[in-house]
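Q: If you scroll down you'll find the structure; I have some questions about it.
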Amino acid sequence: MLILTRKVNQKLIINDNIEVVILESYKNTVKIGVNAPNDVQIYREEIYNEIKKSNKQAQSADIDAISNLKPKNNIQSFNLMKKIEHNDKP
């Protein structure tokens, strides 16, 4: 880990295209600004952890719930496929 001391209005440059600016410092808090390209995703740690948790839950889908989505018999399956082929609503 790199540890730095910065003052208000001083910056950090990361990888030539990300700029971190110290905007304010008061007691135990620091307000920072981040300038980065639009394709760089920036999250607060707690939000990032929630996104990871949500993605992990989405990957472990309930197999029983998925099997309930299947048509109950071959006739329903055949009719559904025909409607899809003709762009009809199921």
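For the structure tokens, the naming scheme is as follows: chains receive sequential letters (A, B, ...) according to their order of presentation, residues are indexed from 1 within each chain, and ligands are indexed from 1 in presentation order.
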Name all residues at most 12 Å from range 42-44 of chain A (count only C-alpha atoms; drop same-chain ones fewer than 6 positions away) and give them as a PDB file with N, CA and C atoms, in the first residue's frame.
A:
```pdb
ATOM      1  N   ILE A  18      -6.392   9.120 -14.478  1.00  0.00           N
ATOM      2  CA  ILE A  18      -7.262   9.241 -13.306  1.00  0.00           C
ATOM      3  C   ILE A  18      -6.627  10.247 -12.353  1.00  0.00           C
ATOM      4  N   VAL A  20      -7.102  12.210  -8.670  1.00  0.00           N
ATOM      5  CA  VAL A  20      -7.756  12.266  -7.368  1.00  0.00           C
ATOM      6  C   VAL A  20      -7.350  13.585  -6.720  1.00  0.00           C
ATOM      7  N   ILE A  32     -12.891  14.043  -1.269  1.00  0.00           N
ATOM      8  CA  ILE A  32     -12.049  13.926  -2.454  1.00  0.00           C
ATOM      9  C   ILE A  32     -12.897  14.009  -3.710  1.00  0.00           C
ATOM     10  N   GLY A  33     -12.270  14.381  -4.784  1.00  0.00           N
ATOM     11  CA  GLY A  33     -12.895  14.369  -6.098  1.00  0.00           C
ATOM     12  C   GLY A  33     -12.090  13.453  -6.995  1.00  0.00           C
ATOM     13  N   VAL A  34     -12.776  12.748  -7.885  1.00  0.00           N
ATOM     14  CA  VAL A  34     -12.099  11.828  -8.799  1.00  0.00           C
ATOM     15  C   VAL A  34     -12.504  12.174 -10.218  1.00  0.00           C
ATOM     16  N   ASN A  35     -11.514  12.451 -11.051  1.00  0.00           N
ATOM     17  CA  ASN A  35     -11.735  12.655 -12.482  1.00  0.00           C
ATOM     18  C   ASN A  35     -11.172  11.436 -13.193  1.00  0.00           C
ATOM     19  N   ALA A  36     -12.041  10.736 -13.933  1.00  0.00           N
ATOM     20  CA  ALA A  36     -11.620   9.526 -14.628  1.00  0.00           C
ATOM     21  C   ALA A  36     -12.430   9.384 -15.909  1.00  0.00           C
ATOM     22  N   GLU A  50     -21.825  -4.554  -1.965  1.00  0.00           N
ATOM     23  CA  GLU A  50     -23.233  -4.900  -2.197  1.00  0.00           C
ATOM     24  C   GLU A  50     -23.454  -5.395  -3.625  1.00  0.00           C
ATOM     25  N   ILE A  51     -22.792  -4.764  -4.586  1.00  0.00           N
ATOM     26  CA  ILE A  51     -22.907  -5.187  -5.990  1.00  0.00           C
ATOM     27  C   ILE A  51     -22.363  -6.600  -6.144  1.00  0.00           C
ATOM     28  N   LYS A  52     -21.197  -6.877  -5.564  1.00  0.00           N
ATOM     29  CA  LYS A  52     -20.618  -8.213  -5.638  1.00  0.00           C
ATOM     30  C   LYS A  52     -21.535  -9.244  -5.005  1.00  0.00           C
TER      31      LYS A  52
END
```
Q: Work out how far CA of Met1 in chain A is from CA of Lys27 in chain A, in Å to one decimal.
A: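 About the pair CA of Lys27 in chain A and CA of Met1 in chain A: they are 23.1 Å apart.
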Q: Need the shell around Leu23 in chain A: protein/DNA/RNA residues with any atom at most 8 Å away, counting only C-alpha atoms. Skip same-chain ones fewer than 2 positions apart. Format as a list of chain:residue names?
A: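 Near neighbours after the sequence-gap exclusion: A:Val8, A:Asn9, A:Val21, A:Ser25, A:Val30, A:Lys31, A:Ile32, A:Gly33.
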Q: What is the CA of Ser60 in chain A-CA of Tyr48 in chain A distance in Å, reported with one decimal?
A: 19.0 Å
